[in-house]
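Q: Below: one structure in structure tokens.
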Amino acid sequence: MCGIAGFYQSQFDYTTDPAYSIKLTKMKDSLLRRGPNDNGLKLFPHCGLAHTRLAIIDPMRGAQPMCRDGCAIAYNGEIYNGQELRSLLKDASLPFETSCDTEIILNGYLAYGWDFIRQLNGIFAIALYDSRKDTLLLARDHLGVKPLFYQKTEDAFVFGSEPKALFAYGVRPRLNEESWGEVLGLGPARTPGHGVFTDMKEVLPGHFLLFSREGVKDCCYWELHAAPHEDTYQKTIETVSYLVTDSVSRQMVSDVPICTFLSGGLDSSLVSAIASRRLKEQGESLRTFSFDFTGNSENFQPNDFQPTQDRPFVDRMVSHIGSSHTYLECESRRQADCLLDAVIARDLPCMADVESSMLYFCSQVAKTTRVALTGECADEIFGGYPWFHKEELWQKNHFPWSWDMNARTCLLREDFLRENHIEEYAKDAYDTSLAQTPRLMGESPQEARRREISWLNIRWFMATLLNRMDRTSMYCGLEARVPYADYRILEYVYNVPWDMKCKDGIAKNLLVEAGREYLPKEVLFRKKSPYPKTYDTGYEKLLGERLRMVLEQKHSPILEIVDKQKVTAFLDSPKDYGRPWYGQLMAGPQMIAYLLQIDYWMERYHL
């Protein structure tokens with residue numbers, strides 16, 4: 001993977017002012033963690049492109065920005081149908097000088113124009129400048145796996161893989177009422193296309209922007225549609241099995257060794273088993289990594305959300321597929337310390353300790369490999385979360401993973417609440433998104449509601465986890481791929497009726513059936529267990545101490561938004577209050593960690 005950044009306007013010659021070369025260099029340097037292997041920039045009269053490279057395909061060549069016939073591209077991602085597209089373009093007599101997919105996109109544009117984007121299967125953020133037409137194309141993959149932010153300033157349209165690239169150009173981080181609605185009403189989720197910072201936006205998944213002398217045009221090249229499902233149950237299983245296997249196989253393309261994240265759950269185990277089988281066919285073995293927290297083997301307490309520990313199931317899978325496995329653990333103090341690094345990686349408060357620990361684990365994986373396949377997105381697409389199954393959750397007229405807004409507002413200052421309408425903002429976001437659900441006429445009320453829940457999960461919850469995976473991995477120079485986030489899988493499974501998705505009451509039944517030839521029964525039918533949390537009571541105490549220290553500092557930014565007495569009372573009370581803050585993060589430590597992140601964020605970005 002890589003980092004991209006740049007700027008565009010058609011009224012001024014950037015090459016006449018040395019300041020813009022300096023700005024472009026600063027933007028590039030802000031993204032070096034995303035691409036530690038190489039970097040480059042190209043300045044045109046009306047456009048600047050910068051690139052930092054994590055070399056995966058054709059490491060010795062493929063430097064960017066790549067230029068040809070008056071066009072230049074800076075690209076972040078991987079194209080998984082590259083072989084087919086390369087053959088297509090060779091038939092069009094277009095030359096290839098590298099084996100990297102960057103050249104495929106550039107040649108595709110030269111041959112077919114922007115419409116070539118529709119033929120890509122992969123994860124990508126693309127900036128392509130055509131000096132012949134003086135146009136800039138910004139494109140993002142179907143599901144938004146790769147980020148791409150932009151903002152209009154007085155002298156340019158500025159863009160980058162992360163907000164920090166825009167700040168390096170000179171954009172000043174600012175907040176408004178909408179910003180607080182995002183951070184406190186919806187966070188760590190974000191409204192699609194919303195950059196949180198005032199006037200900052202993000203290219204929507206499945207969209208591209210075309211900048212020219214006439215302004216900017218937003219074009220949708222792909223969107224999810226509702227359609228009747230006419231396949232039999234057996235045909236549905238066969239199709240899902242093919243799509244998942246094909247996606248994993250395609251995403252193993254790499255000129256450097258790959259690994260997988262293995263939790264012992266259905267999703268990551270199936271990815272690992274398919275990958276292992278493919279590598280064995282080539283006479284190679286798979287490397288796998290699992291994550292846990294120091295002391296969990298002694299402190300673990302089963303509950304509805306974490307019914308079992310991962311380790312026994314990881315052990316079973318390692319034995320089953322014969323992988324070379326590494327067990328990674330994170331201690332409480334390191335997890336707490338990484339909360340601040342996670343803010344820097346995201347440029348925003350994020351998923352608290354779920355994100356900080358993932359960042360640490362990625363830093364350890366990155367010491368020995370550059371590419372990892374993960375099990376993200378299966379729950380959102382195949383219906384694995386509790387709110388797909390518990391009627392009291394999916395019937396709530398709000399986001400089912402954060403329906404109790406009191407859990408979000410109870411610690412805020414009254415004057416802040418009067419000025420910032422947090423609850424109303426979240427409800428408006430829910431209503432707006434619900435109205436956009438791709439629907440099928442004639443469905444029963446129950447089926448229609450489950451389609452709504454599926455849409456909300458794809459649009460919101462999945463996007464949050466994809467953001468987490470991108471920032472935590474790329475901060476460490478690691479490319480994390482998500483085979484389940486293949487738009488072909490989503491297009492197909494979205495329209496499969498619930499009685500097939502959850503046949504005989506089996507959650508993610510289609511994935512279970514697809515995994516029968518790959519997985520042992522105890523893993524295949526393991527009850528869902530989410531990303532692990534620490535059971536060390538000292539972690540919560542450590543966070544509480546740090547937040548108390550913040551509250552005692554007169555100039556702590558967070559005192560502008562929280563009521564000190566309310567927070568102190570919260571710290572003195574039991575924290576497992578049983579109400580959802582976000583998803584299955586029910587316990588107080590995540591709330592405390594999020595407040596610590598907000599305070600650090602406000603201080604670091606001078607908000």
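Order determines the names: the first chain of the structure tokens is A, the second B, and so forth; residues in each chain are numbered 1 upward, and ligands are numbered 1 upward as they are shown.
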Which residues come within 6 Å of range 158-161 of chain A, counting only C-alpha atoms, excluding same-chain residues fewer than 4 positions away, as a tab-separated table (two decimals) with N, CA and C atoms, in the first residue's frame?
A:
chain	number	residue	atom	x	y	z
A	3	GLY	N	0.77	5.95	0.29
A	3	GLY	CA	0.09	7.18	0.63
A	3	GLY	C	0.13	8.10	-0.57
A	4	ILE	N	-0.97	8.80	-0.83
A	4	ILE	CA	-0.99	9.74	-1.95
A	4	ILE	C	-1.46	11.10	-1.45
A	5	ALA	N	-1.04	12.14	-2.14
A	5	ALA	CA	-1.42	13.50	-1.77
A	5	ALA	C	-1.18	14.42	-2.95
A	6	GLY	N	-1.76	15.61	-2.87
A	6	GLY	CA	-1.52	16.58	-3.92
A	6	GLY	C	-2.51	17.72	-3.91
A	7	PHE	N	-2.47	18.52	-4.98
A	7	PHE	CA	-3.38	19.66	-5.10
A	7	PHE	C	-3.59	19.98	-6.57
A	147	PRO	N	-8.70	5.08	1.99
A	147	PRO	CA	-9.23	6.43	2.26
A	147	PRO	C	-8.74	7.46	1.25
A	148	LEU	N	-9.50	8.55	1.12
A	148	LEU	CA	-9.07	9.65	0.26
A	148	LEU	C	-9.86	10.92	0.63
A	149	PHE	N	-9.18	11.84	1.33
A	149	PHE	CA	-9.80	13.07	1.81
A	149	PHE	C	-9.47	14.23	0.87
A	150	TYR	N	-10.33	15.26	0.89
A	150	TYR	CA	-10.06	16.44	0.07
A	150	TYR	C	-10.75	17.66	0.67
A	151	GLN	N	-10.28	18.83	0.28
A	151	GLN	CA	-10.86	20.08	0.76
A	151	GLN	C	-10.53	21.21	-0.21
A	165	ALA	N	-2.15	14.99	5.62
A	165	ALA	CA	-1.56	15.48	4.38
A	165	ALA	C	-2.12	16.85	4.01
Q: Enumerate as a JSON list (two decimals) with N, CA, C and O atoms, in the first residue's frame all residues of range 381-461 of chain A assigned to helix (DSSP H, G or I) by DSSP on the backbone, naming them with the chain letters and numbers the document uses.
A:
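Here's the written file part_24.json:
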[["chain", "number", "residue", "atom", "x", "y", "z"],
["A", 381, "ILE", "N", -21.53, -8.45, 6.30],
["A", 381, "ILE", "CA", -22.09, -8.93, 5.04],
["A", 381, "ILE", "C", -22.96, -10.16, 5.23],
["A", 381, "ILE", "O", -24.04, -10.27, 4.64],
["A", 382, "PHE", "N", -22.53, -11.08, 6.10],
["A", 382, "PHE", "CA", -23.25, -12.34, 6.26],
["A", 382, "PHE", "C", -24.20, -12.36, 7.45],
["A", 382, "PHE", "O", -24.93, -13.33, 7.64],
["A", 386, "PRO", "N", -25.08, -9.47, 16.94],
["A", 386, "PRO", "CA", -26.31, -9.72, 17.70],
["A", 386, "PRO", "C", -27.52, -8.96, 17.17],
["A", 386, "PRO", "O", -28.64, -9.45, 17.23],
["A", 387, "TRP", "N", -27.29, -7.74, 16.63],
["A", 387, "TRP", "CA", -28.45, -6.95, 16.19],
["A", 387, "TRP", "C", -29.07, -7.48, 14.91],
["A", 387, "TRP", "O", -30.12, -7.00, 14.49],
["A", 388, "PHE", "N", -28.46, -8.46, 14.27],
["A", 388, "PHE", "CA", -29.13, -9.16, 13.18],
["A", 388, "PHE", "C", -30.13, -10.19, 13.72],
["A", 388, "PHE", "O", -31.06, -10.58, 13.01],
["A", 389, "HIS", "N", -29.92, -10.64, 14.93],
["A", 389, "HIS", "CA", -30.65, -11.79, 15.46],
["A", 389, "HIS", "C", -31.59, -11.46, 16.61],
["A", 389, "HIS", "O", -32.60, -12.13, 16.78],
["A", 391, "GLU", "N", -34.37, -9.39, 18.19],
["A", 391, "GLU", "CA", -35.40, -8.48, 17.71],
["A", 391, "GLU", "C", -35.42, -7.18, 18.48],
["A", 391, "GLU", "O", -35.68, -6.11, 17.92],
["A", 392, "GLU", "N", -35.12, -7.23, 19.78],
["A", 392, "GLU", "CA", -35.14, -6.00, 20.58],
["A", 392, "GLU", "C", -34.08, -5.01, 20.12],
["A", 392, "GLU", "O", -34.19, -3.80, 20.39],
["A", 393, "LEU", "N", -33.05, -5.51, 19.42],
["A", 393, "LEU", "CA", -32.01, -4.62, 18.89],
["A", 393, "LEU", "C", -32.35, -4.15, 17.48],
["A", 393, "LEU", "O", -32.24, -2.96, 17.18],
["A", 394, "TRP", "N", -32.75, -5.07, 16.61],
["A", 394, "TRP", "CA", -32.96, -4.63, 15.23],
["A", 394, "TRP", "C", -34.27, -3.91, 15.03],
["A", 394, "TRP", "O", -34.52, -3.31, 13.97],
["A", 406, "ASN", "N", -27.91, 8.23, 25.78],
["A", 406, "ASN", "CA", -27.56, 8.70, 27.12],
["A", 406, "ASN", "C", -26.15, 8.25, 27.50],
["A", 406, "ASN", "O", -25.44, 8.94, 28.24],
["A", 407, "ALA", "N", -25.76, 7.09, 27.00],
["A", 407, "ALA", "CA", -24.40, 6.60, 27.28],
["A", 407, "ALA", "C", -23.35, 7.51, 26.67],
["A", 407, "ALA", "O", -22.20, 7.52, 27.10],
["A", 408, "ARG", "N", -23.75, 8.30, 25.66],
["A", 408, "ARG", "CA", -22.81, 9.20, 24.99],
["A", 408, "ARG", "C", -22.86, 10.62, 25.54],
["A", 408, "ARG", "O", -21.89, 11.36, 25.44],
["A", 409, "THR", "N", -23.99, 11.01, 26.07],
["A", 409, "THR", "CA", -24.17, 12.41, 26.49],
["A", 409, "THR", "C", -24.12, 12.62, 28.00],
["A", 409, "THR", "O", -24.05, 13.75, 28.46],
["A", 414, "GLU", "N", -23.74, 20.72, 30.35],
["A", 414, "GLU", "CA", -25.08, 21.12, 29.93],
["A", 414, "GLU", "C", -25.02, 22.23, 28.88],
["A", 414, "GLU", "O", -25.79, 22.22, 27.92],
["A", 415, "ASP", "N", -24.14, 23.20, 29.07],
["A", 415, "ASP", "CA", -24.05, 24.29, 28.10],
["A", 415, "ASP", "C", -23.54, 23.78, 26.76],
["A", 415, "ASP", "O", -23.96, 24.25, 25.69],
["A", 416, "PHE", "N", -22.65, 22.79, 26.78],
["A", 416, "PHE", "CA", -22.16, 22.21, 25.53],
["A", 416, "PHE", "C", -23.29, 21.48, 24.82],
["A", 416, "PHE", "O", -23.43, 21.57, 23.59],
["A", 417, "LEU", "N", -24.12, 20.77, 25.56],
["A", 417, "LEU", "CA", -25.25, 20.05, 24.97],
["A", 417, "LEU", "C", -26.27, 21.01, 24.36],
["A", 417, "LEU", "O", -26.87, 20.71, 23.33],
["A", 418, "ARG", "N", -26.45, 22.14, 24.99],
["A", 418, "ARG", "CA", -27.41, 23.12, 24.44],
["A", 418, "ARG", "C", -26.90, 23.71, 23.13],
["A", 418, "ARG", "O", -27.69, 23.99, 22.23],
["A", 419, "GLU", "N", -25.59, 23.87, 23.02],
["A", 419, "GLU", "CA", -25.01, 24.47, 21.81],
["A", 419, "GLU", "C", -24.78, 23.44, 20.69],
["A", 419, "GLU", "O", -24.77, 23.80, 19.51],
["A", 422, "ILE", "N", -26.30, 16.92, 19.87],
["A", 422, "ILE", "CA", -25.67, 15.63, 19.61],
["A", 422, "ILE", "C", -26.71, 14.56, 19.25],
["A", 422, "ILE", "O", -26.57, 13.85, 18.24],
["A", 423, "GLU", "N", -27.73, 14.43, 20.06],
["A", 423, "GLU", "CA", -28.73, 13.39, 19.82],
["A", 423, "GLU", "C", -29.46, 13.61, 18.52],
["A", 423, "GLU", "O", -29.70, 12.65, 17.75],
["A", 424, "GLU", "N", -29.83, 14.85, 18.25],
["A", 424, "GLU", "CA", -30.55, 15.15, 17.01],
["A", 424, "GLU", "C", -29.68, 14.86, 15.79],
["A", 424, "GLU", "O", -30.17, 14.36, 14.78],
["A", 425, "TYR", "N", -28.40, 15.17, 15.90],
["A", 425, "TYR", "CA", -27.49, 14.94, 14.78],
["A", 425, "TYR", "C", -27.41, 13.44, 14.47],
["A", 425, "TYR", "O", -27.47, 13.04, 13.30],
["A", 426, "ALA", "N", -27.28, 12.63, 15.50],
["A", 426, "ALA", "CA", -27.18, 11.18, 15.30],
["A", 426, "ALA", "C", -28.48, 10.62, 14.71],
["A", 426, "ALA", "O", -28.45, 9.77, 13.82],
["A", 427, "LYS", "N", -29.60, 11.10, 15.21],
["A", 427, "LYS", "CA", -30.89, 10.61, 14.70],
["A", 427, "LYS", "C", -31.10, 11.03, 13.25],
["A", 427, "LYS", "O", -31.59, 10.24, 12.42],
["A", 428, "ASP", "N", -30.72, 12.23, 12.89],
["A", 428, "ASP", "CA", -30.83, 12.67, 11.50],
["A", 428, "ASP", "C", -29.95, 11.82, 10.58],
["A", 428, "ASP", "O", -30.35, 11.47, 9.46],
["A", 429, "ALA", "N", -28.75, 11.49, 11.06],
["A", 429, "ALA", "CA", -27.85, 10.65, 10.26],
["A", 429, "ALA", "C", -28.47, 9.27, 10.04],
["A", 429, "ALA", "O", -28.39, 8.71, 8.94],
["A", 430, "TYR", "N", -29.08, 8.73, 11.08],
["A", 430, "TYR", "CA", -29.74, 7.43, 10.98],
["A", 430, "TYR", "C", -30.91, 7.49, 9.98],
["A", 430, "TYR", "O", -31.01, 6.65, 9.07],
["A", 431, "ASP", "N", -31.77, 8.48, 10.13],
["A", 431, "ASP", "CA", -32.95, 8.60, 9.26],
["A", 431, "ASP", "C", -32.54, 8.79, 7.80],
["A", 431, "ASP", "O", -33.13, 8.20, 6.89],
["A", 432, "THR", "N", -31.52, 9.63, 7.58],
["A", 432, "THR", "CA", -31.06, 9.88, 6.21],
["A", 432, "THR", "C", -30.51, 8.61, 5.59],
["A", 432, "THR", "O", -30.82, 8.27, 4.43],
["A", 433, "SER", "N", -29.70, 7.88, 6.34],
["A", 433, "SER", "CA", -29.10, 6.65, 5.82],
["A", 433, "SER", "C", -30.17, 5.58, 5.59],
["A", 433, "SER", "O", -30.13, 4.85, 4.59],
["A", 434, "LEU", "N", -31.11, 5.50, 6.49],
["A", 434, "LEU", "CA", -32.18, 4.50, 6.36],
["A", 434, "LEU", "C", -32.98, 4.73, 5.08],
["A", 434, "LEU", "O", -33.34, 3.77, 4.38],
["A", 435, "ALA", "N", -33.22, 5.99, 4.77],
["A", 435, "ALA", "CA", -33.99, 6.32, 3.56],
["A", 435, "ALA", "C", -33.25, 5.94, 2.29],
["A", 435, "ALA", "O", -33.87, 5.80, 1.22],
["A", 445, "PRO", "N", -42.36, -7.25, 6.18],
["A", 445, "PRO", "CA", -41.78, -6.23, 7.06],
["A", 445, "PRO", "C", -40.50, -6.71, 7.75],
["A", 445, "PRO", "O", -39.56, -5.94, 7.91],
["A", 446, "GLN", "N", -40.47, -8.00, 8.15],
["A", 446, "GLN", "CA", -39.28, -8.52, 8.81],
["A", 446, "GLN", "C", -38.09, -8.57, 7.86],
["A", 446, "GLN", "O", -36.97, -8.20, 8.21],
["A", 447, "GLU", "N", -38.33, -9.03, 6.63],
["A", 447, "GLU", "CA", -37.25, -9.12, 5.66],
["A", 447, "GLU", "C", -36.77, -7.72, 5.26],
["A", 447, "GLU", "O", -35.56, -7.48, 5.10],
["A", 448, "ALA", "N", -37.72, -6.79, 5.15],
["A", 448, "ALA", "CA", -37.36, -5.42, 4.80],
["A", 448, "ALA", "C", -36.51, -4.78, 5.89],
["A", 448, "ALA", "O", -35.55, -4.05, 5.61],
["A", 449, "ARG", "N", -36.86, -5.06, 7.16],
["A", 449, "ARG", "CA", -36.10, -4.49, 8.27],
["A", 449, "ARG", "C", -34.70, -5.09, 8.32],
["A", 449, "ARG", "O", -33.72, -4.39, 8.56],
["A", 450, "ARG", "N", -34.59, -6.38, 8.07],
["A", 450, "ARG", "CA", -33.26, -6.99, 8.07],
["A", 450, "ARG", "C", -32.41, -6.45, 6.92],
["A", 450, "ARG", "O", -31.20, -6.32, 7.04],
["A", 451, "ARG", "N", -33.05, -6.12, 5.81],
["A", 451, "ARG", "CA", -32.31, -5.50, 4.71],
["A", 451, "ARG", "C", -31.81, -4.12, 5.15],
["A", 451, "ARG", "O", -30.68, -3.72, 4.83],
["A", 452, "GLU", "N", -32.63, -3.39, 5.90],
["A", 452, "GLU", "CA", -32.21, -2.10, 6.43],
["A", 452, "GLU", "C", -31.01, -2.27, 7.37],
["A", 452, "GLU", "O", -30.05, -1.50, 7.30],
["A", 453, "ILE", "N", -31.10, -3.25, 8.25],
["A", 453, "ILE", "CA", -30.00, -3.49, 9.20],
["A", 453, "ILE", "C", -28.73, -3.85, 8.44],
["A", 453, "ILE", "O", -27.63, -3.39, 8.77],
["A", 454, "SER", "N", -28.86, -4.65, 7.41],
["A", 454, "SER", "CA", -27.71, -5.02, 6.60],
["A", 454, "SER", "C", -27.11, -3.79, 5.94],
["A", 454, "SER", "O", -25.88, -3.59, 5.96],
["A", 455, "TRP", "N", -27.94, -2.93, 5.39],
["A", 455, "TRP", "CA", -27.46, -1.70, 4.74],
["A", 455, "TRP", "C", -26.74, -0.80, 5.73],
["A", 455, "TRP", "O", -25.66, -0.27, 5.46],
["A", 456, "LEU", "N", -27.32, -0.61, 6.91],
["A", 456, "LEU", "CA", -26.71, 0.24, 7.92],
["A", 456, "LEU", "C", -25.35, -0.31, 8.35],
["A", 456, "LEU", "O", -24.41, 0.45, 8.57],
["A", 457, "ASN", "N", -25.27, -1.62, 8.48],
["A", 457, "ASN", "CA", -23.99, -2.23, 8.85],
["A", 457, "ASN", "C", -22.93, -2.01, 7.78],
["A", 457, "ASN", "O", -21.78, -1.69, 8.09],
["A", 458, "ILE", "N", -23.30, -2.16, 6.53],
["A", 458, "ILE", "CA", -22.36, -1.97, 5.43],
["A", 458, "ILE", "C", -21.94, -0.51, 5.34],
["A", 458, "ILE", "O", -20.75, -0.20, 5.16],
["A", 459, "ARG", "N", -22.90, 0.37, 5.47],
["A", 459, "ARG", "CA", -22.65, 1.80, 5.27],
["A", 459, "ARG", "C", -21.89, 2.42, 6.43],
["A", 459, "ARG", "O", -21.12, 3.36, 6.24],
["A", 460, "TRP", "N", -22.09, 1.89, 7.63],
["A", 460, "TRP", "CA", -21.53, 2.53, 8.82],
["A", 460, "TRP", "C", -20.54, 1.66, 9.58],
["A", 460, "TRP", "O", -19.38, 2.01, 9.73],
["A", 461, "PHE", "N", -21.02, 0.52, 10.10],
["A", 461, "PHE", "CA", -20.18, -0.29, 10.98],
["A", 461, "PHE", "C", -18.98, -0.86, 10.24],
["A", 461, "PHE", "O", -17.85, -0.82, 10.73]]
Q: Please list as a list in words every residue within 8 Å of range 90-103 of chain A, counting only C-alpha atoms and excluding residues in the same chain fewer than 5 positions away.
A: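 Answer for this query is Ile57, Asp58, Arg61, Gly62, Met66, Ile73, Tyr75, Glu78, Ile79, Gly82 and Ala111 of chain A.
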Q: Suppose we keep all heavy atoms; can you now write the selection as a short mmCIF file (atom, residue, chain, number, x, y, z; two decimals), in the first residue's frame?
A:
data_model
loop_
_atom_site.label_atom_id
_atom_site.label_comp_id
_atom_site.auth_asym_id
_atom_site.auth_seq_id
_atom_site.Cartn_x
_atom_site.Cartn_y
_atom_site.Cartn_z
N ILE A 57 4.20 -5.26 -5.16
CA ILE A 57 4.30 -5.83 -6.50
C ILE A 57 5.44 -5.13 -7.24
O ILE A 57 5.50 -3.90 -7.27
CB ILE A 57 2.98 -5.65 -7.28
CG1 ILE A 57 1.80 -6.25 -6.49
CG2 ILE A 57 3.08 -6.27 -8.66
CD1 ILE A 57 1.88 -7.75 -6.31
N ASP A 58 6.31 -5.92 -7.86
CA ASP A 58 7.45 -5.38 -8.60
C ASP A 58 8.21 -4.35 -7.77
O ASP A 58 8.28 -3.16 -8.12
CB ASP A 58 6.98 -4.76 -9.91
CG ASP A 58 8.11 -4.61 -10.93
OD1 ASP A 58 9.27 -4.84 -10.55
OD2 ASP A 58 7.83 -4.26 -12.09
N ARG A 61 10.71 -1.84 -9.43
CA ARG A 61 10.24 -0.84 -10.38
C ARG A 61 8.90 -0.28 -9.88
O ARG A 61 8.55 -0.46 -8.73
CB ARG A 61 10.08 -1.47 -11.78
CG ARG A 61 11.40 -1.99 -12.34
CD ARG A 61 11.19 -2.65 -13.69
NE ARG A 61 10.41 -3.89 -13.59
CZ ARG A 61 10.02 -4.62 -14.63
NH1 ARG A 61 10.33 -4.23 -15.86
NH2 ARG A 61 9.33 -5.72 -14.45
N GLY A 62 8.18 0.39 -10.70
CA GLY A 62 6.86 0.88 -10.30
C GLY A 62 6.88 2.11 -9.43
O GLY A 62 5.93 2.35 -8.68
N MET A 66 3.74 7.89 -11.55
CA MET A 66 4.10 7.28 -12.82
C MET A 66 3.52 8.13 -13.95
O MET A 66 2.34 8.49 -13.91
CB MET A 66 3.55 5.84 -12.89
CG MET A 66 3.93 5.10 -14.17
SD MET A 66 3.28 3.40 -14.17
CE MET A 66 4.37 2.62 -12.95
N ILE A 73 -0.03 9.41 -12.50
CA ILE A 73 -0.87 8.76 -11.51
C ILE A 73 -0.12 8.57 -10.20
O ILE A 73 1.07 8.23 -10.19
CB ILE A 73 -1.39 7.40 -12.02
CG1 ILE A 73 -2.32 6.74 -10.99
CG2 ILE A 73 -0.23 6.46 -12.37
CD1 ILE A 73 -2.98 5.46 -11.49
N TYR A 75 -1.14 6.40 -6.76
CA TYR A 75 -2.16 5.37 -6.49
C TYR A 75 -1.83 4.61 -5.21
O TYR A 75 -0.67 4.28 -4.95
CB TYR A 75 -2.22 4.45 -7.71
CG TYR A 75 -2.64 3.02 -7.48
CD1 TYR A 75 -3.94 2.71 -7.13
CD2 TYR A 75 -1.73 1.98 -7.66
CE1 TYR A 75 -4.33 1.39 -6.95
CE2 TYR A 75 -2.10 0.67 -7.49
CZ TYR A 75 -3.41 0.37 -7.13
OH TYR A 75 -3.79 -0.94 -6.95
N GLU A 78 -4.39 -2.15 -4.26
CA GLU A 78 -4.05 -3.35 -5.02
C GLU A 78 -5.22 -3.67 -5.95
O GLU A 78 -6.38 -3.56 -5.56
CB GLU A 78 -3.82 -4.55 -4.10
CG GLU A 78 -2.65 -4.41 -3.14
CD GLU A 78 -1.30 -4.42 -3.82
OE1 GLU A 78 -1.23 -4.80 -5.00
OE2 GLU A 78 -0.31 -4.04 -3.16
N ILE A 79 -4.90 -4.08 -7.17
CA ILE A 79 -5.90 -4.51 -8.13
C ILE A 79 -5.84 -6.03 -8.23
O ILE A 79 -4.78 -6.60 -8.53
CB ILE A 79 -5.67 -3.87 -9.52
CG1 ILE A 79 -5.66 -2.35 -9.39
CG2 ILE A 79 -6.75 -4.33 -10.50
CD1 ILE A 79 -6.90 -1.74 -8.79
N GLY A 82 -5.86 -7.97 -12.00
CA GLY A 82 -4.82 -7.37 -12.83
C GLY A 82 -4.44 -8.20 -14.03
O GLY A 82 -4.18 -7.66 -15.11
N ALA A 111 -6.38 4.16 -22.55
CA ALA A 111 -7.13 3.43 -23.58
C ALA A 111 -8.63 3.71 -23.53
O ALA A 111 -9.28 3.83 -24.57
CB ALA A 111 -6.89 1.93 -23.43
#
Q: Could you work out how far CA of Val482 in chain A lies from CA of Gln119 in chain A, giving the answer in Å with one decimal?
A: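 That distance, rounded to one decimal, is 19.0 Å.
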Q: Return the single residue from A:Cys330, A:Leu440, A:Gly206, A:Ser529 that is closest to Pro302 in chain A, with distances computed using only C-alpha atoms.
A: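 For Pro302 in chain A, the nearest of the given residues is A:Ser529.
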Q: Record the distance separating CA of Tyr80 in chain A and CA of Arg190 in chain A, expressed in Å with one decimal.
A: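 Result for CA of Tyr80 in chain A versus CA of Arg190 in chain A: 27.4 Å, one decimal.
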Q: Which residues of range 441-483 of chain A come within 12 Å of range 253-258 of chain A, and what is each one's closest atom pair and distance in Å (one decimal), counting only C-alpha atoms, sorted by chain and residue number, as CSV?
A:
residue,atom,partner,partner_atom,distance
A:Leu478,CA,A:Ile258,CA,10.4
A:Glu479,CA,A:Ile258,CA,9.5
A:Ala480,CA,A:Ile258,CA,9.9
A:Arg481,CA,A:Ile258,CA,10.2
A:Pro483,CA,A:Val253,CA,11.9
Q: So that I have them on file, write out the residues from the current selection with all heavy atoms, as a PDB file, in the first residue's frame.
A:
ATOM      1  N   LEU A 478       2.350  -1.802   7.033  1.00  0.00           N
ATOM      2  CA  LEU A 478       1.820  -3.139   6.781  1.00  0.00           C
ATOM      3  C   LEU A 478       0.581  -3.016   5.900  1.00  0.00           C
ATOM      4  O   LEU A 478      -0.286  -2.176   6.150  1.00  0.00           O
ATOM      5  CB  LEU A 478       1.448  -3.826   8.098  1.00  0.00           C
ATOM      6  CG  LEU A 478       0.760  -5.186   8.006  1.00  0.00           C
ATOM      7  CD1 LEU A 478       1.744  -6.258   7.522  1.00  0.00           C
ATOM      8  CD2 LEU A 478       0.171  -5.584   9.371  1.00  0.00           C
ATOM      9  N   GLU A 479       0.475  -3.835   4.871  1.00  0.00           N
ATOM     10  CA  GLU A 479      -0.706  -3.841   4.011  1.00  0.00           C
ATOM     11  C   GLU A 479      -1.672  -4.911   4.487  1.00  0.00           C
ATOM     12  O   GLU A 479      -1.374  -6.105   4.440  1.00  0.00           O
ATOM     13  CB  GLU A 479      -0.302  -4.114   2.561  1.00  0.00           C
ATOM     14  CG  GLU A 479      -1.491  -4.214   1.621  1.00  0.00           C
ATOM     15  CD  GLU A 479      -1.065  -4.433   0.188  1.00  0.00           C
ATOM     16  OE1 GLU A 479      -0.183  -3.700  -0.285  1.00  0.00           O
ATOM     17  OE2 GLU A 479      -1.626  -5.341  -0.466  1.00  0.00           O
ATOM     18  N   ALA A 480      -2.846  -4.489   4.964  1.00  0.00           N
ATOM     19  CA  ALA A 480      -3.877  -5.419   5.426  1.00  0.00           C
ATOM     20  C   ALA A 480      -4.972  -5.522   4.366  1.00  0.00           C
ATOM     21  O   ALA A 480      -5.590  -4.525   4.006  1.00  0.00           O
ATOM     22  CB  ALA A 480      -4.465  -4.938   6.748  1.00  0.00           C
ATOM     23  N   ARG A 481      -5.182  -6.718   3.879  1.00  0.00           N
ATOM     24  CA  ARG A 481      -6.196  -6.957   2.851  1.00  0.00           C
ATOM     25  C   ARG A 481      -7.439  -7.587   3.457  1.00  0.00           C
ATOM     26  O   ARG A 481      -7.366  -8.275   4.473  1.00  0.00           O
ATOM     27  CB  ARG A 481      -5.622  -7.835   1.742  1.00  0.00           C
ATOM     28  CG  ARG A 481      -4.431  -7.197   1.023  1.00  0.00           C
ATOM     29  CD  ARG A 481      -3.829  -8.120  -0.022  1.00  0.00           C
ATOM     30  NE  ARG A 481      -2.687  -7.500  -0.695  1.00  0.00           N
ATOM     31  CZ  ARG A 481      -1.919  -8.115  -1.594  1.00  0.00           C
ATOM     32  NH1 ARG A 481      -2.182  -9.379  -1.927  1.00  0.00           N
ATOM     33  NH2 ARG A 481      -0.907  -7.476  -2.164  1.00  0.00           N
ATOM     34  N   PRO A 483     -10.408  -9.868   2.198  1.00  0.00           N
ATOM     35  CA  PRO A 483     -11.050 -10.660   1.141  1.00  0.00           C
ATOM     36  C   PRO A 483     -12.572 -10.629   1.153  1.00  0.00           C
ATOM     37  O   PRO A 483     -13.195 -10.705   0.088  1.00  0.00           O
ATOM     38  CB  PRO A 483     -10.527 -12.081   1.408  1.00  0.00           C
ATOM     39  CG  PRO A 483      -9.223 -11.880   2.100  1.00  0.00           C
ATOM     40  CD  PRO A 483      -9.414 -10.660   2.950  1.00  0.00           C
TER      41      PRO A 483
END
